[in-house]
file query_2.txt (compact mmCIF, C-alpha atoms)
# COMPACT_ATOMS: atom_id res chain seq x y z
CA MET A 418 -7.92 -2.12 27.67
CA ASN A 419 -8.02 1.67 27.74
CA PRO A 420 -10.00 3.40 24.95
CA LEU A 421 -8.35 5.40 22.22
CA ASP A 422 -6.90 8.69 23.43
CA VAL A 423 -7.22 11.23 20.61
CA ARG A 424 -4.56 13.52 22.07
CA HIS A 425 -2.09 10.68 22.35
CA VAL A 426 -2.90 9.49 18.83
CA VAL A 427 -2.16 12.98 17.50
CA ALA A 428 1.04 13.26 19.53
CA VAL A 429 2.34 9.90 18.29
CA ALA A 430 1.34 10.74 14.72
CA ARG A 431 3.28 14.01 14.86
CA ARG A 432 6.34 12.25 16.25
CA GLU A 433 6.27 9.57 13.56
CA LEU A 434 5.68 12.16 10.86
CA LYS A 435 8.75 14.13 11.95
CA THR A 436 10.87 11.01 12.39
CA THR A 437 10.03 9.64 8.97
CA THR A 438 10.41 12.90 7.05
CA ARG A 439 13.77 13.64 8.67
CA SER A 440 15.19 10.27 7.66
CA SER A 441 17.42 10.32 4.59
CA GLY A 442 16.39 6.73 3.96
CA THR A 443 12.83 7.86 3.24
CA VAL A 444 14.05 10.20 0.51
CA VAL A 445 16.16 7.43 -0.99
CA LEU A 446 13.24 5.00 -0.99
CA PHE A 447 10.82 7.29 -2.77
CA GLY A 448 13.50 8.69 -5.06
CA GLY A 449 14.36 5.15 -6.12
CA LEU A 450 10.68 4.31 -6.62
CA ALA A 451 10.22 7.39 -8.79
CA ALA A 452 13.24 6.47 -10.93
CA ILE A 453 12.08 2.87 -11.36
CA LEU A 454 8.51 3.84 -12.29
CA LEU A 455 9.81 6.41 -14.75
CA GLY A 456 12.13 3.79 -16.23
CA PHE A 457 9.33 1.25 -16.67
CA THR A 458 7.14 3.94 -18.22
CA TRP A 459 9.86 4.86 -20.70
CA ILE A 460 10.89 1.29 -21.58
CA GLY A 461 7.30 0.08 -21.87
CA GLU A 462 6.53 2.83 -24.39
CA GLY A 463 2.94 2.98 -23.12
CA HIS A 464 3.45 6.68 -22.49
CA ALA A 465 3.20 7.32 -26.22
CA ALA A 466 -0.25 5.72 -26.38
CA GLY A 467 -1.88 7.28 -23.34
CA PHE A 468 -2.61 6.92 -19.65
CA ALA A 469 -4.28 3.49 -19.65
CA PRO A 470 -1.36 1.83 -21.50
CA THR A 471 1.00 3.44 -19.00
CA VAL A 472 -1.00 1.93 -16.15
CA VAL A 473 -0.59 -1.48 -17.79
CA ASP A 474 3.19 -0.96 -17.86
CA LEU A 475 3.25 0.03 -14.17
CA LEU A 476 0.71 -2.48 -12.84
CA THR A 477 3.16 -5.20 -11.77
CA PRO A 478 6.09 -2.98 -10.68
CA VAL A 479 3.81 -1.04 -8.36
CA GLU A 480 2.29 -4.22 -6.93
CA LEU A 481 5.74 -5.53 -6.03
CA LEU A 482 7.61 -2.35 -5.06
CA VAL A 483 5.06 -0.23 -3.18
CA PRO A 484 4.42 -2.86 -0.47
CA LEU A 485 8.17 -3.36 -0.08
CA ILE A 486 8.60 0.36 0.60
CA ALA A 487 5.70 0.26 3.06
CA TYR A 488 7.37 -2.62 4.90
CA ALA A 489 10.67 -0.73 4.91
CA ILE A 490 8.95 2.25 6.54
CA GLY A 491 7.12 0.27 9.21
CA TYR A 492 8.78 -3.08 9.85
CA ARG A 493 11.07 -2.02 12.71
CA VAL A 494 9.33 0.94 14.33
CA PHE A 495 8.07 -1.02 17.36
CA VAL A 496 11.16 -3.22 17.45
CA ALA A 497 13.26 -0.08 17.83
CA ASP A 498 10.90 1.43 20.44
CA ARG A 499 11.05 -1.80 22.43
CA LYS A 500 14.85 -1.85 22.25
CA ARG A 501 15.07 1.77 23.45
CA GLY A 502 12.73 1.00 26.34
CA GLU A 503 9.87 3.23 25.16
CA LEU A 504 7.23 0.50 24.91
CA PRO A 505 7.73 -0.68 28.52
CA ILE A 506 7.24 2.93 29.62
CA HIS A 507 4.05 3.22 27.55
CA SER A 508 2.74 0.03 29.15
CA THR A 509 2.91 1.63 32.60
CA LEU A 510 0.89 4.68 31.53
CA PRO A 511 -2.90 4.96 31.11
CA VAL A 512 -2.50 4.87 27.32
CA SER A 513 -4.02 2.20 25.12
CA ARG A 514 -2.01 0.11 22.71
CA GLY A 515 -4.49 1.09 20.03
CA SER A 516 -3.60 4.76 20.48
CA VAL A 517 0.09 4.06 19.92
CA VAL A 518 -0.54 1.85 16.88
CA LEU A 519 -3.09 4.18 15.30
CA GLY A 520 -0.91 7.25 15.83
CA THR A 521 2.06 5.45 14.29
CA PHE A 522 -0.04 4.34 11.33
CA ILE A 523 -1.40 7.84 10.70
CA GLY A 524 1.99 9.54 10.93
CA ARG A 525 3.91 7.09 8.77
CA GLY A 526 0.91 6.52 6.51
CA ALA A 527 0.73 10.22 5.65
CA VAL A 528 4.37 10.18 4.55
CA LEU A 529 3.81 6.96 2.62
CA ALA A 530 0.77 8.31 0.77
CA LEU A 531 2.52 11.53 -0.20
CA GLY A 532 5.64 9.61 -1.20
CA VAL A 533 3.72 7.25 -3.50
CA ALA A 534 1.97 10.19 -5.18
CA ALA A 535 5.25 12.07 -5.61
CA ALA A 536 7.00 8.99 -7.02
CA ALA A 537 4.27 8.58 -9.65
CA LEU A 538 4.51 12.23 -10.74
CA PRO A 539 7.51 11.86 -13.12
CA ALA A 540 5.73 9.04 -14.97
CA LEU A 541 2.61 11.17 -15.27
CA CYS A 542 4.64 14.09 -16.61
CA LEU A 543 6.24 11.82 -19.21
CA VAL A 544 2.80 10.79 -20.50
CA LEU A 545 1.65 14.41 -20.62
CA LEU A 546 4.78 15.50 -22.50
CA SER A 547 4.76 12.58 -24.94
CA GLY A 548 1.46 13.55 -26.46
CA ASP A 549 1.57 11.17 -29.43
CA GLY A 550 -1.52 9.24 -28.54
CA VAL A 551 -3.05 11.62 -26.02
CA ASN A 552 -5.94 13.82 -27.02
CA PRO A 553 -5.81 17.23 -25.32
CA LEU A 554 -9.61 17.22 -25.00
CA TYR A 555 -10.57 14.49 -22.57
CA ALA A 556 -14.08 13.15 -22.75
CA ALA A 557 -15.97 12.41 -19.56
CA GLN A 558 -17.69 9.23 -20.75
CA ARG A 559 -16.47 5.68 -20.28
CA GLY A 560 -13.96 4.49 -22.84
CA ALA A 561 -12.03 7.79 -22.92
CA ASP A 562 -8.37 7.93 -21.92
CA SER A 563 -7.71 10.74 -19.45
CA PRO A 564 -5.42 11.79 -16.58
CA LEU A 565 -8.24 10.79 -14.22
CA LEU A 566 -7.43 7.15 -14.97
CA PHE A 567 -3.85 7.63 -13.84
CA LEU A 568 -5.00 9.41 -10.67
CA ARG A 569 -7.30 6.48 -9.92
CA PHE A 570 -4.34 4.17 -10.35
CA VAL A 571 -2.30 6.21 -7.86
CA ALA A 572 -5.23 6.14 -5.41
CA VAL A 573 -5.44 2.33 -5.62
CA ALA A 574 -1.66 2.06 -5.20
CA THR A 575 -1.95 4.24 -2.09
CA LEU A 576 -4.59 1.91 -0.61
CA LEU A 577 -2.25 -1.02 -1.24
CA ALA A 578 0.62 0.86 0.40
CA LEU A 579 -1.42 1.66 3.52
CA CYS A 580 -2.58 -1.96 3.74
CA ALA A 581 1.04 -3.12 3.57
CA LEU A 582 2.02 -0.55 6.22
CA ALA A 583 -0.60 -1.92 8.62
CA LEU A 584 0.78 -5.43 8.09
CA ALA A 585 4.31 -4.09 8.59
CA LEU A 586 3.30 -2.62 11.95
CA ALA A 587 1.87 -6.01 12.91
CA VAL A 588 5.21 -7.59 11.98
CA SER A 589 7.04 -4.99 14.06
CA ALA A 590 4.81 -5.65 17.07
CA VAL A 591 5.29 -9.43 16.84
CA ALA A 592 9.02 -9.52 16.05
CA THR A 593 11.57 -9.51 18.85
CA SER A 594 14.53 -8.41 16.72
CA ALA A 595 15.30 -6.50 13.55
CA LYS A 596 16.37 -9.71 11.78
CA GLY A 597 13.15 -11.41 12.78
CA ALA A 598 11.17 -8.41 11.51
CA VAL A 599 12.94 -8.61 8.14
CA GLY A 600 12.12 -12.31 7.80
CA LEU A 601 8.49 -11.83 8.77
CA SER A 602 8.17 -8.85 6.43
CA LEU A 603 9.43 -10.86 3.47
CA GLY A 604 7.03 -13.66 4.37
CA PHE A 605 4.07 -11.32 4.70
CA TRP A 606 5.02 -9.63 1.42
CA ALA A 607 5.15 -12.94 -0.44
CA VAL A 608 1.85 -14.12 1.04
CA SER A 609 0.06 -10.83 0.37
CA ALA A 610 1.32 -10.79 -3.23
CA THR A 611 0.53 -14.36 -4.25
CA GLY A 612 -1.04 -16.16 -1.28
CA ALA A 613 -4.70 -15.63 -2.20
CA ASP A 614 -4.01 -16.52 -5.83
CA ALA A 615 -2.30 -19.78 -4.87
CA LEU A 616 -5.00 -20.76 -2.37
CA ALA A 617 -7.80 -19.98 -4.81
CA LEU A 618 -6.18 -22.06 -7.57
CA ALA A 619 -5.55 -24.91 -5.13
CA ALA A 620 -9.18 -24.82 -3.99
CA LEU A 621 -10.32 -24.80 -7.61
CA ARG A 622 -8.15 -27.82 -8.44
CA LEU A 623 -9.46 -29.73 -5.42
CA GLY A 624 -13.04 -28.96 -6.37
CA LEU A 625 -13.66 -26.82 -3.30
CA LEU A 626 -14.25 -23.70 -5.36
CA GLY A 627 -16.31 -23.18 -8.50
CA THR A 628 -14.93 -21.38 -11.53
CA GLU A 629 -17.57 -18.66 -11.14
CA MET A 630 -16.21 -17.82 -7.68
CA LEU A 631 -12.52 -17.79 -8.67
CA PRO A 632 -12.31 -14.04 -9.52
CA THR A 633 -13.87 -13.08 -6.19
CA ALA A 634 -11.61 -15.44 -4.24
CA VAL A 635 -8.49 -14.00 -5.88
CA VAL A 636 -9.56 -10.43 -5.09
CA LEU A 637 -9.78 -11.24 -1.37
CA GLY A 638 -5.97 -11.05 -1.03
CA PRO A 639 -4.18 -7.66 -0.93
CA GLY A 640 -2.41 -8.21 -4.25
CA GLY A 641 -5.54 -9.51 -5.94
CA ALA A 642 -7.62 -6.66 -4.50
CA TYR A 643 -5.15 -4.16 -5.93
CA ARG A 644 -5.24 -5.77 -9.38
CA GLY A 645 -9.01 -6.09 -9.31
CA LEU A 646 -9.43 -2.43 -8.41
CA VAL A 647 -7.02 -1.30 -11.14
CA PHE A 648 -8.91 -3.33 -13.73
CA ALA A 649 -12.33 -2.21 -12.47
CA THR A 650 -11.63 1.50 -12.02
CA VAL A 651 -8.95 2.16 -14.64
CA LEU A 652 -8.56 -0.39 -17.43
CA ASP A 653 -12.20 -1.45 -17.75
CA ALA A 654 -13.23 2.21 -17.62
CA ALA A 655 -10.81 3.03 -20.43
CA THR A 656 -12.12 0.22 -22.63
CA ALA A 657 -15.79 0.50 -21.60
CA GLY A 658 -15.58 -3.05 -20.30
CA THR A 659 -17.36 -4.67 -17.37
CA ALA A 660 -15.43 -5.60 -14.24
CA ALA A 661 -15.43 -9.29 -13.31
CA VAL A 662 -15.67 -8.34 -9.62
CA ALA A 663 -17.30 -5.25 -8.13
CA PRO A 664 -14.80 -2.57 -7.00
CA SER A 665 -16.41 -2.62 -3.56
CA VAL A 666 -15.07 -6.15 -3.00
CA GLY A 667 -11.48 -4.99 -3.58
CA VAL A 668 -11.92 -1.93 -1.37
CA LEU A 669 -13.40 -4.02 1.45
CA ALA A 670 -10.58 -6.56 1.11
CA LEU A 671 -7.88 -3.90 1.42
CA PHE A 672 -9.64 -2.23 4.34
CA GLY A 673 -10.13 -5.62 5.97
CA TRP A 674 -6.43 -6.50 5.73
CA THR A 675 -5.54 -3.03 7.02
CA ALA A 676 -7.86 -3.40 10.01
CA ALA A 677 -6.51 -6.90 10.67
CA GLY A 678 -2.92 -5.64 10.65
CA LEU A 679 -3.67 -2.79 13.04
CA THR A 680 -5.67 -5.07 15.33
CA LEU A 681 -2.85 -7.62 15.48
CA ALA A 682 -0.30 -4.88 16.13
CA SER A 683 -2.43 -3.52 18.98
CA ALA A 684 -2.89 -6.97 20.50
CA MET A 685 0.83 -7.84 20.41
CA LEU A 686 2.41 -4.47 21.19
CA TRP A 687 3.10 -5.21 24.89
call {"tool": "encode", "arguments": {"input": "query_2.txt", "output": "structure tokens"}}
result
Amino acid sequence: MNPLDVRHVVAVARRELKTTTRSSGTVVLFGGLAAILLGFTWIGEGHAAGFAPTVVDLLTPVELLVPLIAYAIGYRVFVADRKRGELPIHSTLPVSRGSVVLGTFIGRGAVLALGVAAAALPALCLVLLSGDGVNPLYAAQRGADSPLLFLRFVAVATLLALCALALALAVSAVATSAKGAVGLSLGFWAVSATGADALALAALRLGLLGTEMLPTAVVLGPGGAYRGLVFATVLDAATAGTAAVAPSVGVLALFGWTAAGLTLASAMLW
């Protein structure tokens, strides 16, 4: 296998960046996400109490919707390239599969990260404008509610989105048709959201896993890693609590799933 070609990675990233930003579907996806997050923020009424209560209101919607948007952005990119005949051409050139996959991930990942941040901005503005339970002087110590907590939440959501994008690229590399990619994406989404939780509970019930290891086992899945990181870096920080699992475990889990997705996509691309 040829090594990574930095120039080709950059070229592919630029192409994917232009392709994604020019698509009207991308605007619709992130516009819809922004509207939904703003709606949950308003209905949940956490915005009147501060940033940490707002994060509680958005915790589940973000866990379900952000990966779906990531899959929508990446699930058919290689399927479409294969249909247009671009992948067979790449396979005849001295370019590695890893270069194509990494460039695609960087280009579409940049749009995804910016889109997630932009979609969270209206909810953040609502909290800032509400002001009922928000002190204008934010303390730096643990236990203080501040905009930093919301920014941490957005950062964790971005890690989840990039993890889902890597898995979406793996789906796109494996699938032979758009319909197949949709089916695989839904399956991957369901497994990443609840798979680790279900397996951990099953192992606990069968006696294969001790209760003291249950929190760590749950955090090993993408969805559990996201929730664990939100609790450890946002909610526990706001309440001066102690995280059940170290944040490093959640970060390593998300990076591990991301690396696995990119590796599988590279192996199956052509």
call {"tool": "closest_atom_pairs", "arguments": {"input": "query_2.txt", "of": "segment 450-529 of chain A", "to": "segment 593-607 of chain A", "cutoff": "9 Å", "atoms": "only C-alpha atoms", "output": "CSV"}}
result
residue,atom,partner,partner_atom,distance
A:Leu481,CA,A:Trp606,CA,8.5
A:Pro484,CA,A:Trp606,CA,7.1
A:Leu485,CA,A:Trp606,CA,7.2
A:Tyr488,CA,A:Ser602,CA,6.5
A:Ala489,CA,A:Ser602,CA,8.6
A:Tyr492,CA,A:Ala598,CA,6.1
A:Arg493,CA,A:Ala595,CA,6.2
A:Val496,CA,A:Ser594,CA,6.2
A:Ala497,CA,A:Ala595,CA,8.0
A:Arg499,CA,A:Thr593,CA,8.5
A:Lys500,CA,A:Ser594,CA,8.6
call {"tool": "closest_residue", "arguments": {"input": "query_2.txt", "among": "A:Leu455, A:Pro420, A:Val429, A:Val636", "to": "Ala535 of chain A", "atoms": "only C-alpha atoms"}}
result
A:Leu455
call {"tool": "closest_residue", "arguments": {"input": "query_2.txt", "among": "A:Leu621, A:Leu529, A:Cys542, A:Leu679", "to": "Ser516 of chain A", "atoms": "all atoms listed in the file"}}
result
A:Leu679
call {"tool": "closest_residue", "arguments": {"input": "query_2.txt", "among": "A:Cys580, A:Leu519, A:Leu454, A:Leu652", "to": "Leu686 of chain A", "atoms": "only C-alpha atoms"}}
result
A:Leu519
call {"tool": "closest_residue", "arguments": {"input": "query_2.txt", "among": "A:Ile453, A:Val651, A:Ala682, A:Ala537", "to": "Val588 of chain A", "atoms": "all atoms listed in the file"}}
result
A:Ala682
call {"tool": "closest_residue", "arguments": {"input": "query_2.txt", "among": "A:Thr458, A:Thr471, A:Ser589, A:Thr438", "to": "Leu681 of chain A", "atoms": "all atoms listed in the file"}}
result
A:Ser589
call {"tool": "residues_around", "arguments": {"input": "query_2.txt", "residues": "Gly667 of chain A", "least_positions_apart": "6", "cutoff": "12 Å", "atoms": "all atoms listed in the file", "output": "list of chain:residue names"}}
result
A:Val573, A:Leu576, A:Leu577, A:Cys580, A:Pro632, A:Thr633, A:Ala634, A:Val635, A:Val636, A:Leu637, A:Gly638, A:Pro639, A:Gly640, A:Gly641, A:Ala642, A:Tyr643, A:Arg644, A:Gly645, A:Leu646, A:Val647, A:Phe648, A:Ala649, A:Thr650, A:Ala660, A:Ala661, A:Gly673, A:Trp674
call {"tool": "atom_distance", "arguments": {"input": "query_2.txt", "atom1": "atom CA of Asp422 of chain A", "atom2": "atom CA of Thr521 of chain A"}}
result
13.2 Å
call {"tool": "closest_residue", "arguments": {"input": "query_2.txt", "among": "A:Thr575, A:Thr611, A:Thr477, A:Ser683", "to": "Val668 of chain A", "atoms": "only C-alpha atoms"}}
result
A:Thr575
call {"tool": "atom_distance", "arguments": {"input": "query_2.txt", "atom1": "atom CA of Ile490 of chain A", "atom2": "atom CA of Ser441 of chain A"}}
result
11.9 Å
